[in-house]
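Step one of this worksheet: look at the structure below.
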Amino acid sequence: MKMRFRIISSIAIAAVSTLLLASCGADPDSPGLEYMPDMYRSAAIEPYVDYGEIQGKQNEDLKMLLSAKVPPFGTVPYYGTDSAAVSLMLPYARLANNSFRSTHGMFDAELSSQGVDTYVLAAADVNPMELTEENMKDVFDAGKSIFNSKCAHCHGEKGDGNGPMVESGAYVGVPDYANLTNLSDGQMFYSIYYGKGMMGAHGSIINKKEIWTVVHYIRKFQDPNYGPGSVQMAAPVEGDDAPADDEANNPE
Ligand code: HEC
């Protein structure tokens, strides 16, 4: 009995110390001995990479793999289960004016056939991101970071229209936001999304949430006290039968 116990315990000690030794390497980052390497390192298949052709070689068997397919037209990414956050990211309800095809290169976009200037109608849209005492700082910080990376080279970090592009003489016609206090939030959104005059469309560069965030940030240039409870810059437009954002998905 004693003998058997000794054998079992020495086998156990040997096994444990083998495991311990195997898991200790000189490199502190080393994972030690890998028993099932393919569990740690799965094949690196990236979405949207066409593995049908690798380094000039056609791979018929890889051609139709899911990784090579684009999502179907109209696919909306998953933004979680918070309905307010999700509705913020649904496709923008206002269609660009027909003229934007030639002026802003919107060849693929569905354009408005309403016969009314959809930019004028956009004045009715309210910024859906409400400012509160709690979120204010985060919204302005996020707005600043978007603005400084995507807009300030034209508009200037102070929003005065004197960005480096303008100062260098390469570009003209950028307004000082201080002169646009009567511009509604909805029209700002529209212009950022589709472009206006010499400004190109930014709808494919920053998403809807980011645009509404940056609209809040631009208001801050116009009024340093802008914050929760500030008057929403929106005006109902007569004869506006275009869907507001939240009705966007129930066209008749
Ligand atoms: C390449 C230079 C350039 C860049 C980049 C640029 N803008 Fe502009 N922006 C302009 C010009 C020029 C105008 C004046 C357009 C007009 O009224 O014809 C303008 C106008 C505007 C207006 C007023 C729109 C209106 O309806 O009158 C807003 C708001 C605005 N820009 C916001 C932004 C934001 C936000 C960004 C970054 C996401 C941005 N712009 C990036 C050049 C630029």
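Naming scheme: A, B, ... for chains in displayed order of the structure tokens; residues 1 onward per chain; ligands 1 onward as shown.
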Inset, instruction - List all protein, DNA and RNA residues that have any atom at most 9 Å from ligand 1, counting only C-alpha atoms and all ligand atoms, and write the list as a ChimeraX atom specification. - result: /A:119,143,146-155,159,161,163,165-166,171-177,180,183-193,195-203,205-206,210-211,214-215,217-218
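The gap separating CA of Lys144 (chain A) from CA of Gly229 (chain A) is 20.3 Å, in Å to one decimal.
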